[in-house]
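To start, the structure under review is shown below, and the notes come after it.
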Amino acid sequence: MPNFGNYEQIIKDFSWSISEQELDYKPGQVINIGWYCSDRICQQGKADKTALIWEGFSGAKKIYTYNDVRLCSNTIARFITGLGINAGERVCLFLDRIPELYLGFLGILKTGAIVQPLFSAFGEESLFVRLENARTSAIFTQKKHLSKVRKIRDKLPDLKHIIIVDYDGKSPLQEREVPFSMENTEKIENYEVYPTYAETPSVLHYTSGTTGQPKGVQHVHYSLISQYITAKWVLDLRDDDLYWCTADPGWVTGTSYGIIGPFSLGVTQFVLDSGFSAEAWYRFIERNRITVWYSAPTAIRSLMKAGDEIIKKFDLSSLRHLASVGEPLNPEAVNWSIRVFGKPFHDTYWQTETGCIVITNFPGMSVKPGSMGRPFPGITATVLNHSNHEPYPEPGRIGLIGLKPGWPSMMRTYWNNEEAYKNKFRNGWYLTGDRARIDKDGYFWFVGRDDDVINTGGHLVSPFEVESALLEHQAVAESAVVSKPDPINMEVVKAYVTLKPGFTASKDLELDIMNFIRKKLSPLAMPQEIEFVDSLPKTRSGKIMRRILHAKEWGEEIGDTSTLENE
Ligand code: PRX
């Protein structure tokens, strides 16, 4: 029997106090995610239970019990308080998916500091804007990423400590650099966890919007209340599960459900720190007898592409529950999964801002392939009329997905940008920025985003950020960035570029610009195609009309062009 029972009944009786009680939390008490995910599990008699099994791409393997997680996070907490970092300061994790990332996440939270996880694939420009915005005090990184940090540290006066977790002594440390070795540091048995409360800031995740630089989504320790119960009910995590979340903690899935959810439930989870390969993934599932698998549509489409034959080589019978997040999950992917694994991928819909799954196909509920499912109990979700932001009274209408604020893991603000935060609300509804329709059974069907943000393989890329970076290339005069269709990633980045005098379009120049963006921003933000043009479509007031280029890429109607400059 799944953890989650009858939907109609639970919706009727639900209150977040169910989760509070299971976590022995009473309003007004101290609540610290780091403590809940390690010390509390040990106190429940699971100190020797395996918490984390980590595998590196070279086959390296490390295993941590809950007691190890407790000790290691204590040790990291003591180390950073020893550096003089205070509660409320921002500490960044700029690491591959190595154990220090998971242990550091909990350790930072134990000190009362705010943890800022960032993708290690980010180039120096992406890193810089996020560290500058958050006025980050310290960064954990590895030798291999150090050169990016060194390039920007002089522009970051607040960044006082650059902590290298794999320093080998071979080259001298530079200013502000300090080594930390998890293996060689004496473990701290007793660390007095900082008394954080429900509204104390915890995690700062950066997300891309349509305009301006990425925004820091600020969460609080109380988010645990949602993350715990959604991990239990939606991912159906149980005590004997062997759980694999494929997401990187640079992304909210990798923290809410790759750290907080499973660890607060005392579940054993696996991390595979290597790139994608169908064979390697199936082997990983088989070898580790994975029971619950949380992944993303792009990965699922890549598995589909690898074919059904390869699946027959592996015993994947351990899989009990499958879930997906990040982009629309096509009905073909759900049907394929039923065919090859004997069970569907359950779609889950949410955002960095929501902190937890808000709409989903629950275990045990009949899945309508292609639909995102129904709202989680305690979440009021609707589809709003575009013009007056009132919920449509009848099913079937396409509008904006709106959520009633107030669930525990709702973001509290955008870091240092209260105005952008306020702008996300209309008529008392939080606007997700997505469009959908609801059918007569109350199931939500995703239609698309309501802005220009590009969702490539589940990762949001801001056209603005790519355009800004393009302008820094010596050959680029102007640019417009849109998405173009892609069979695996759904959409990828495409740039239209006009060149400065003296530069001529060529394949070499295209590659050079692509590489420039990859290094500056990230491989995901890198345009997969650059089209050199003589001019870009603009409004009479000079604003570039991405909409027209977007329509061209997707073979859609161009719509009203009456404001076009060159009409
Ligand atoms: O557009 C929606 C899409 O991803 C956006 C949120 O991205 P991010 O903040 O990076 O968080 C991703 C992980 C929670 C949403 O606004 N999205 C997310 N899940 C789905 C989805 N689109 C369709 N179906 C989903 N299940």
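In the structure tokens, the first chain shown is A, the next is B, and so on; residue numbers restart at 1 for each chain, and ligands run from 1 in the order shown.
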
Region 137-276 of chain A: residues DSSP assigns to helix (DSSP H, G or I), reported as a PDB file with N, CA and C atoms, in the first residue's frame:
ATOM      1  N   LYS A 143      39.706  21.839  -6.609  1.00  0.00           N
ATOM      2  CA  LYS A 143      40.838  22.339  -7.408  1.00  0.00           C
ATOM      3  C   LYS A 143      40.415  22.623  -8.844  1.00  0.00           C
ATOM      4  N   LYS A 144      39.643  21.679  -9.396  1.00  0.00           N
ATOM      5  CA  LYS A 144      39.299  21.796 -10.815  1.00  0.00           C
ATOM      6  C   LYS A 144      38.450  23.022 -11.133  1.00  0.00           C
ATOM      7  N   HIS A 145      37.788  23.591 -10.135  1.00  0.00           N
ATOM      8  CA  HIS A 145      36.953  24.775 -10.390  1.00  0.00           C
ATOM      9  C   HIS A 145      37.579  26.062  -9.864  1.00  0.00           C
ATOM     10  N   LEU A 146      38.759  25.917  -9.271  1.00  0.00           N
ATOM     11  CA  LEU A 146      39.375  27.049  -8.586  1.00  0.00           C
ATOM     12  C   LEU A 146      39.710  28.201  -9.534  1.00  0.00           C
ATOM     13  N   SER A 147      40.114  27.862 -10.756  1.00  0.00           N
ATOM     14  CA  SER A 147      40.537  28.944 -11.666  1.00  0.00           C
ATOM     15  C   SER A 147      39.374  29.901 -11.943  1.00  0.00           C
ATOM     16  N   LYS A 148      38.151  29.362 -11.955  1.00  0.00           N
ATOM     17  CA  LYS A 148      36.996  30.243 -12.208  1.00  0.00           C
ATOM     18  C   LYS A 148      36.821  31.211 -11.029  1.00  0.00           C
ATOM     19  N   VAL A 149      37.002  30.681  -9.825  1.00  0.00           N
ATOM     20  CA  VAL A 149      36.839  31.527  -8.633  1.00  0.00           C
ATOM     21  C   VAL A 149      37.955  32.573  -8.588  1.00  0.00           C
ATOM     22  N   ARG A 150      39.172  32.143  -8.923  1.00  0.00           N
ATOM     23  CA  ARG A 150      40.305  33.079  -8.868  1.00  0.00           C
ATOM     24  C   ARG A 150      40.110  34.246  -9.832  1.00  0.00           C
ATOM     25  N   LYS A 151      39.488  33.955 -10.973  1.00  0.00           N
ATOM     26  CA  LYS A 151      39.302  35.011 -11.976  1.00  0.00           C
ATOM     27  C   LYS A 151      38.397  36.136 -11.482  1.00  0.00           C
ATOM     28  N   ILE A 152      37.493  35.822 -10.572  1.00  0.00           N
ATOM     29  CA  ILE A 152      36.486  36.827 -10.198  1.00  0.00           C
ATOM     30  C   ILE A 152      36.618  37.326  -8.766  1.00  0.00           C
ATOM     31  N   ARG A 153      37.489  36.709  -7.985  1.00  0.00           N
ATOM     32  CA  ARG A 153      37.474  37.030  -6.542  1.00  0.00           C
ATOM     33  C   ARG A 153      37.811  38.499  -6.264  1.00  0.00           C
ATOM     34  N   ASP A 154      38.629  39.115  -7.129  1.00  0.00           N
ATOM     35  CA  ASP A 154      38.985  40.510  -6.853  1.00  0.00           C
ATOM     36  C   ASP A 154      37.791  41.443  -6.986  1.00  0.00           C
ATOM     37  N   LYS A 155      36.785  40.977  -7.712  1.00  0.00           N
ATOM     38  CA  LYS A 155      35.577  41.815  -7.859  1.00  0.00           C
ATOM     39  C   LYS A 155      34.563  41.495  -6.760  1.00  0.00           C
ATOM     40  N   HIS A 221      13.805  27.561   7.119  1.00  0.00           N
ATOM     41  CA  HIS A 221      13.898  26.212   7.709  1.00  0.00           C
ATOM     42  C   HIS A 221      12.542  25.506   7.793  1.00  0.00           C
ATOM     43  N   TYR A 222      11.482  26.286   7.877  1.00  0.00           N
ATOM     44  CA  TYR A 222      10.143  25.684   7.971  1.00  0.00           C
ATOM     45  C   TYR A 222       9.765  24.923   6.688  1.00  0.00           C
ATOM     46  N   SER A 223      10.493  25.158   5.610  1.00  0.00           N
ATOM     47  CA  SER A 223      10.214  24.451   4.340  1.00  0.00           C
ATOM     48  C   SER A 223      10.236  22.938   4.551  1.00  0.00           C
ATOM     49  N   LEU A 224      10.997  22.502   5.555  1.00  0.00           N
ATOM     50  CA  LEU A 224      11.095  21.071   5.863  1.00  0.00           C
ATOM     51  C   LEU A 224       9.712  20.420   5.991  1.00  0.00           C
ATOM     52  N   ILE A 225       8.770  21.162   6.556  1.00  0.00           N
ATOM     53  CA  ILE A 225       7.433  20.597   6.807  1.00  0.00           C
ATOM     54  C   ILE A 225       6.810  20.121   5.487  1.00  0.00           C
ATOM     55  N   SER A 226       6.979  20.894   4.418  1.00  0.00           N
ATOM     56  CA  SER A 226       6.441  20.470   3.114  1.00  0.00           C
ATOM     57  C   SER A 226       7.317  19.409   2.464  1.00  0.00           C
ATOM     58  N   GLN A 227       8.621  19.606   2.581  1.00  0.00           N
ATOM     59  CA  GLN A 227       9.518  18.697   1.848  1.00  0.00           C
ATOM     60  C   GLN A 227       9.452  17.276   2.421  1.00  0.00           C
ATOM     61  N   TYR A 228       9.325  17.190   3.721  1.00  0.00           N
ATOM     62  CA  TYR A 228       9.227  15.881   4.375  1.00  0.00           C
ATOM     63  C   TYR A 228       7.970  15.138   3.909  1.00  0.00           C
ATOM     64  N   ILE A 229       6.829  15.801   3.998  1.00  0.00           N
ATOM     65  CA  ILE A 229       5.571  15.087   3.742  1.00  0.00           C
ATOM     66  C   ILE A 229       5.365  14.812   2.244  1.00  0.00           C
ATOM     67  N   THR A 230       5.872  15.699   1.381  1.00  0.00           N
ATOM     68  CA  THR A 230       5.745  15.424  -0.060  1.00  0.00           C
ATOM     69  C   THR A 230       6.677  14.277  -0.460  1.00  0.00           C
ATOM     70  N   ALA A 231       7.873  14.240   0.145  1.00  0.00           N
ATOM     71  CA  ALA A 231       8.781  13.124  -0.157  1.00  0.00           C
ATOM     72  C   ALA A 231       8.142  11.808   0.282  1.00  0.00           C
ATOM     73  N   LYS A 232       7.430  11.858   1.378  1.00  0.00           N
ATOM     74  CA  LYS A 232       6.813  10.639   1.895  1.00  0.00           C
ATOM     75  C   LYS A 232       5.596  10.225   1.052  1.00  0.00           C
ATOM     76  N   TRP A 233       4.773  11.179   0.702  1.00  0.00           N
ATOM     77  CA  TRP A 233       3.524  10.834   0.024  1.00  0.00           C
ATOM     78  C   TRP A 233       3.643  10.769  -1.495  1.00  0.00           C
ATOM     79  N   VAL A 252      16.973  22.925  -7.518  1.00  0.00           N
ATOM     80  CA  VAL A 252      16.172  22.727  -6.303  1.00  0.00           C
ATOM     81  C   VAL A 252      15.755  21.261  -6.082  1.00  0.00           C
ATOM     82  N   THR A 253      15.578  20.507  -7.165  1.00  0.00           N
ATOM     83  CA  THR A 253      15.209  19.097  -6.980  1.00  0.00           C
ATOM     84  C   THR A 253      16.291  18.366  -6.193  1.00  0.00           C
ATOM     85  N   GLY A 254      17.534  18.703  -6.481  1.00  0.00           N
ATOM     86  CA  GLY A 254      18.660  18.046  -5.830  1.00  0.00           C
ATOM     87  C   GLY A 254      18.799  18.410  -4.355  1.00  0.00           C
ATOM     88  N   THR A 255      18.151  19.481  -3.910  1.00  0.00           N
ATOM     89  CA  THR A 255      18.198  19.799  -2.473  1.00  0.00           C
ATOM     90  C   THR A 255      16.895  19.363  -1.781  1.00  0.00           C
ATOM     91  N   SER A 256      15.729  19.785  -2.325  1.00  0.00           N
ATOM     92  CA  SER A 256      14.466  19.422  -1.660  1.00  0.00           C
ATOM     93  C   SER A 256      14.283  17.907  -1.612  1.00  0.00           C
ATOM     94  N   TYR A 257      14.621  17.233  -2.738  1.00  0.00           N
ATOM     95  CA  TYR A 257      14.385  15.776  -2.787  1.00  0.00           C
ATOM     96  C   TYR A 257      15.660  14.960  -2.981  1.00  0.00           C
ATOM     97  N   GLY A 258      16.819  15.660  -3.006  1.00  0.00           N
ATOM     98  CA  GLY A 258      18.087  14.918  -3.084  1.00  0.00           C
ATOM     99  C   GLY A 258      18.823  15.033  -1.765  1.00  0.00           C
ATOM    100  N   ILE A 259      18.291  15.833  -0.840  1.00  0.00           N
ATOM    101  CA  ILE A 259      18.901  15.959   0.492  1.00  0.00           C
ATOM    102  C   ILE A 259      17.802  15.988   1.570  1.00  0.00           C
ATOM    103  N   ILE A 260      17.018  17.059   1.560  1.00  0.00           N
ATOM    104  CA  ILE A 260      16.134  17.313   2.714  1.00  0.00           C
ATOM    105  C   ILE A 260      15.033  16.247   2.864  1.00  0.00           C
ATOM    106  N   GLY A 261      14.309  15.983   1.787  1.00  0.00           N
ATOM    107  CA  GLY A 261      13.210  15.015   1.870  1.00  0.00           C
ATOM    108  C   GLY A 261      13.690  13.651   2.336  1.00  0.00           C
ATOM    109  N   PRO A 262      14.593  13.007   1.577  1.00  0.00           N
ATOM    110  CA  PRO A 262      14.995  11.645   1.960  1.00  0.00           C
ATOM    111  C   PRO A 262      15.719  11.570   3.299  1.00  0.00           C
ATOM    112  N   PHE A 263      16.603  12.521   3.600  1.00  0.00           N
ATOM    113  CA  PHE A 263      17.337  12.433   4.870  1.00  0.00           C
ATOM    114  C   PHE A 263      16.415  12.696   6.065  1.00  0.00           C
ATOM    115  N   SER A 264      15.435  13.577   5.904  1.00  0.00           N
ATOM    116  CA  SER A 264      14.546  13.823   7.050  1.00  0.00           C
ATOM    117  C   SER A 264      13.657  12.606   7.306  1.00  0.00           C
TER     118      SER A 264
END

Based on the backbone DSSP call, show me all residues of region 391-566 of chain A assigned strand (DSSP E), as a CSV table (one decimal) with N, CA, C and O atoms, in the first residue's frame.
chain,number,residue,atom,x,y,z
A,399,GLY,N,-5.2,28.9,-19.0
A,399,GLY,CA,-4.9,30.2,-18.3
A,399,GLY,C,-3.6,30.0,-17.5
A,399,GLY,O,-2.8,29.1,-17.7
A,400,LEU,N,-3.4,30.9,-16.6
A,400,LEU,CA,-2.1,30.9,-15.8
A,400,LEU,C,-2.3,30.0,-14.6
A,400,LEU,O,-3.3,30.1,-13.9
A,401,ILE,N,-1.3,29.3,-14.3
A,401,ILE,CA,-1.4,28.5,-13.0
A,401,ILE,C,-1.1,29.4,-11.9
A,401,ILE,O,-0.1,30.1,-11.8
A,402,GLY,N,-2.1,29.5,-11.0
A,402,GLY,CA,-2.0,30.4,-9.8
A,402,GLY,C,-2.1,29.5,-8.6
A,402,GLY,O,-2.8,28.5,-8.5
A,403,LEU,N,-1.3,29.8,-7.5
A,403,LEU,CA,-1.3,29.1,-6.3
A,403,LEU,C,-1.6,30.0,-5.1
A,403,LEU,O,-1.1,31.2,-5.1
A,413,THR,N,11.0,35.4,-0.3
A,413,THR,CA,11.2,36.6,-1.1
A,413,THR,C,12.3,36.3,-2.1
A,413,THR,O,12.8,35.1,-2.1
A,414,TYR,N,12.5,37.2,-3.1
A,414,TYR,CA,13.7,37.1,-3.9
A,414,TYR,C,14.8,37.9,-3.2
A,414,TYR,O,14.5,39.0,-2.8
A,425,PHE,N,2.5,38.3,-7.6
A,425,PHE,CA,1.2,38.1,-7.0
A,425,PHE,C,0.2,39.0,-7.7
A,425,PHE,O,0.4,40.1,-8.0
A,426,ARG,N,-1.0,38.4,-7.9
A,426,ARG,CA,-2.2,39.1,-8.4
A,426,ARG,C,-3.4,38.6,-7.7
A,426,ARG,O,-3.6,37.4,-7.6
A,429,TRP,N,-3.1,35.6,-5.6
A,429,TRP,CA,-2.6,34.4,-6.2
A,429,TRP,C,-1.1,34.6,-6.5
A,429,TRP,O,-0.7,35.6,-7.0
A,430,TYR,N,-0.3,33.6,-6.2
A,430,TYR,CA,1.0,33.5,-6.7
A,430,TYR,C,1.0,33.1,-8.1
A,430,TYR,O,0.5,32.0,-8.4
A,431,LEU,N,1.6,33.8,-9.0
A,431,LEU,CA,1.7,33.5,-10.4
A,431,LEU,C,2.9,32.7,-10.7
A,431,LEU,O,4.0,33.1,-10.5
A,432,THR,N,2.7,31.4,-11.2
A,432,THR,CA,3.9,30.6,-11.4
A,432,THR,C,4.6,31.0,-12.7
A,432,THR,O,5.8,30.6,-12.9
A,433,GLY,N,3.9,31.6,-13.6
A,433,GLY,CA,4.5,31.9,-14.9
A,433,GLY,C,4.3,30.8,-15.9
A,433,GLY,O,4.9,30.8,-17.0
A,434,ASP,N,3.5,29.8,-15.5
A,434,ASP,CA,3.2,28.7,-16.5
A,434,ASP,C,1.7,28.8,-16.8
A,434,ASP,O,0.9,29.3,-16.1
A,435,ARG,N,1.4,28.2,-18.0
A,435,ARG,CA,0.0,28.1,-18.5
A,435,ARG,C,-0.4,26.6,-18.5
A,435,ARG,O,0.4,25.7,-18.7
A,436,ALA,N,-1.7,26.4,-18.2
A,436,ALA,CA,-2.2,25.1,-18.1
A,436,ALA,C,-3.7,25.1,-18.3
A,436,ALA,O,-4.4,26.2,-18.3
A,437,ARG,N,-4.3,23.9,-18.3
A,437,ARG,CA,-5.8,23.8,-18.2
A,437,ARG,C,-6.1,22.7,-17.2
A,437,ARG,O,-5.2,21.8,-17.0
A,438,ILE,N,-7.3,22.8,-16.7
A,438,ILE,CA,-7.7,21.7,-15.7
A,438,ILE,C,-8.8,21.0,-16.4
A,438,ILE,O,-9.8,21.6,-16.9
A,444,PHE,N,-4.4,18.6,-13.9
A,444,PHE,CA,-3.8,19.8,-14.6
A,444,PHE,C,-3.1,19.3,-15.8
A,444,PHE,O,-2.3,18.3,-15.8
A,445,TRP,N,-3.2,20.0,-16.9
A,445,TRP,CA,-2.4,19.7,-18.2
A,445,TRP,C,-1.6,20.9,-18.5
A,445,TRP,O,-2.1,22.0,-18.8
A,446,PHE,N,-0.3,20.7,-18.5
A,446,PHE,CA,0.7,21.8,-18.8
A,446,PHE,C,0.6,22.2,-20.2
A,446,PHE,O,0.5,21.4,-21.2
A,447,VAL,N,0.6,23.6,-20.5
A,447,VAL,CA,0.5,24.1,-21.8
A,447,VAL,C,1.8,24.7,-22.2
A,447,VAL,O,2.3,24.5,-23.3
A,448,GLY,N,2.4,25.5,-21.4
A,448,GLY,CA,3.7,26.2,-21.7
A,448,GLY,C,4.0,27.3,-20.7
A,448,GLY,O,3.2,27.5,-19.8
A,449,ARG,N,5.1,27.9,-20.9
A,449,ARG,CA,5.5,29.0,-20.0
A,449,ARG,C,4.8,30.3,-20.5
A,449,ARG,O,4.5,30.4,-21.7
A,454,ILE,N,13.8,29.9,-21.3
A,454,ILE,CA,14.0,28.7,-22.1
A,454,ILE,C,14.2,27.5,-21.1
A,454,ILE,O,15.0,27.6,-20.2
A,455,ASN,N,13.4,26.5,-21.2
A,455,ASN,CA,13.5,25.3,-20.4
A,455,ASN,C,14.2,24.2,-21.2
A,455,ASN,O,13.6,23.5,-21.9
A,456,THR,N,15.5,24.2,-21.0
A,456,THR,CA,16.3,23.2,-21.8
A,456,THR,C,16.7,22.0,-20.9
A,456,THR,O,17.4,22.2,-20.0
A,459,HIS,N,16.3,22.7,-17.3
A,459,HIS,CA,17.1,23.8,-16.7
A,459,HIS,C,16.6,25.1,-17.4
A,459,HIS,O,16.6,25.2,-18.6
A,460,LEU,N,16.3,26.1,-16.5
A,460,LEU,CA,15.8,27.3,-17.0
A,460,LEU,C,17.0,28.2,-17.4
A,460,LEU,O,17.9,28.4,-16.7
A,461,VAL,N,16.9,28.8,-18.6
A,461,VAL,CA,17.9,29.7,-19.1
A,461,VAL,C,17.2,31.0,-19.5
A,461,VAL,O,16.2,31.0,-20.2
A,476,VAL,N,30.2,40.5,-31.7
A,476,VAL,CA,28.7,40.6,-31.7
A,476,VAL,C,28.3,42.1,-31.5
A,476,VAL,O,28.7,42.8,-30.6
A,477,ALA,N,27.4,42.5,-32.4
A,477,ALA,CA,26.8,43.9,-32.3
A,477,ALA,C,25.5,43.8,-31.5
A,477,ALA,O,25.3,44.5,-30.6
A,478,GLU,N,24.6,42.9,-32.0
A,478,GLU,CA,23.3,42.7,-31.3
A,478,GLU,C,23.0,41.3,-31.3
A,478,GLU,O,23.4,40.5,-32.2
A,479,SER,N,22.1,40.9,-30.4
A,479,SER,CA,21.7,39.5,-30.4
A,479,SER,C,20.2,39.4,-29.9
A,479,SER,O,19.7,40.2,-29.1
A,480,ALA,N,19.6,38.3,-30.3
A,480,ALA,CA,18.3,37.9,-29.7
A,480,ALA,C,18.3,36.4,-29.5
A,480,ALA,O,18.8,35.6,-30.4
A,481,VAL,N,18.0,36.0,-28.3
A,481,VAL,CA,18.1,34.6,-28.0
A,481,VAL,C,16.7,34.0,-27.8
A,481,VAL,O,15.8,34.6,-27.0
A,482,VAL,N,16.4,32.9,-28.4
A,482,VAL,CA,15.1,32.2,-28.3
A,482,VAL,C,15.3,30.7,-28.2
A,482,VAL,O,16.5,30.3,-28.3
A,483,SER,N,14.3,30.0,-28.0
A,483,SER,CA,14.4,28.5,-28.0
A,483,SER,C,14.1,28.0,-29.4
A,483,SER,O,13.4,28.6,-30.2
A,484,LYS,N,14.7,26.8,-29.6
A,484,LYS,CA,14.3,26.1,-30.8
A,484,LYS,C,14.0,24.6,-30.4
A,484,LYS,O,14.5,24.1,-29.4
A,485,PRO,N,13.1,23.9,-31.2
A,485,PRO,CA,12.7,22.6,-30.7
A,485,PRO,C,13.9,21.6,-30.8
A,485,PRO,O,14.8,21.8,-31.6
A,486,ASP,N,13.8,20.6,-29.9
A,486,ASP,CA,14.9,19.6,-29.8
A,486,ASP,C,14.3,18.3,-29.4
A,486,ASP,O,13.5,18.3,-28.4
A,490,MET,N,13.7,18.9,-25.5
A,490,MET,CA,12.5,19.7,-25.7
A,490,MET,C,12.8,21.0,-26.4
A,490,MET,O,12.3,21.3,-27.5
A,491,GLU,N,13.6,21.8,-25.8
A,491,GLU,CA,14.0,23.0,-26.5
A,491,GLU,C,15.5,23.3,-26.1
A,491,GLU,O,16.0,22.9,-25.1
A,492,VAL,N,16.2,24.0,-27.0
A,492,VAL,CA,17.6,24.4,-26.8
A,492,VAL,C,17.7,25.8,-27.1
A,492,VAL,O,16.8,26.4,-27.7
A,493,VAL,N,18.8,26.4,-26.8
A,493,VAL,CA,19.1,27.8,-27.0
A,493,VAL,C,19.5,28.1,-28.4
A,493,VAL,O,20.4,27.4,-28.9
A,494,LYS,N,18.9,29.1,-29.0
A,494,LYS,CA,19.4,29.5,-30.4
A,494,LYS,C,19.6,31.0,-30.3
A,494,LYS,O,18.8,31.7,-29.7
A,495,ALA,N,20.7,31.5,-30.9
A,495,ALA,CA,20.9,32.9,-30.9
A,495,ALA,C,20.9,33.5,-32.3
A,495,ALA,O,21.5,32.9,-33.3
A,496,TYR,N,20.3,34.6,-32.5
A,496,TYR,CA,20.4,35.4,-33.7
A,496,TYR,C,21.4,36.5,-33.4
A,496,TYR,O,21.2,37.2,-32.4
A,497,VAL,N,22.3,36.7,-34.3
A,497,VAL,CA,23.4,37.6,-34.0
A,497,VAL,C,23.6,38.6,-35.2
A,497,VAL,O,23.6,38.1,-36.4
A,498,THR,N,23.8,39.8,-35.0
A,498,THR,CA,24.3,40.7,-36.0
A,498,THR,C,25.8,41.0,-35.7
A,498,THR,O,26.1,41.1,-34.5
A,499,LEU,N,26.6,41.2,-36.7
A,499,LEU,CA,28.0,41.3,-36.4
A,499,LEU,C,28.5,42.8,-36.5
A,499,LEU,O,27.9,43.6,-37.2
A,529,GLU,N,22.9,26.7,-31.8
A,529,GLU,CA,23.0,27.2,-33.2
A,529,GLU,C,23.0,28.8,-33.1
A,529,GLU,O,22.3,29.4,-32.3
A,530,ILE,N,23.9,29.3,-34.0
A,530,ILE,CA,23.9,30.8,-34.1
A,530,ILE,C,23.6,31.1,-35.5
A,530,ILE,O,24.2,30.6,-36.5
A,531,GLU,N,22.6,32.0,-35.7
A,531,GLU,CA,22.3,32.4,-37.1
A,531,GLU,C,22.7,33.8,-37.2
A,531,GLU,O,22.2,34.7,-36.4
A,532,PHE,N,23.6,34.1,-38.2
A,532,PHE,CA,24.0,35.5,-38.4
A,532,PHE,C,23.0,36.2,-39.3
A,532,PHE,O,22.7,35.6,-40.4

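In this comparison, which uses only C-alpha atoms, the residue of A:Met182, A:Leu237, A:Ile513, A:Leu204 approaching Thr136 (chain A) most closely is A:Leu204.
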
Residues at most 10 Å from Lys440 (chain A), counting only C-alpha atoms, excluding those fewer than 4 positions away in the same chain, as a list in words?
-> Glu394, Pro395, Gly396 and Phe444 of chain A

Which residue gives the smallest distance to Ile85 (chain A) among A:Gln351, A:Asn184, A:Ser137, A:Thr50, with only C-alpha atoms counted?
->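 For Ile85 (chain A), the nearest of the given residues is A:Ser137.
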
Atomic distance CA of His473 (chain A) - CA of Glu510 (chain A), expressed in Å with one decimal =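 Separating CA of His473 (chain A) from CA of Glu510 (chain A) is a distance of 11.3 Å.
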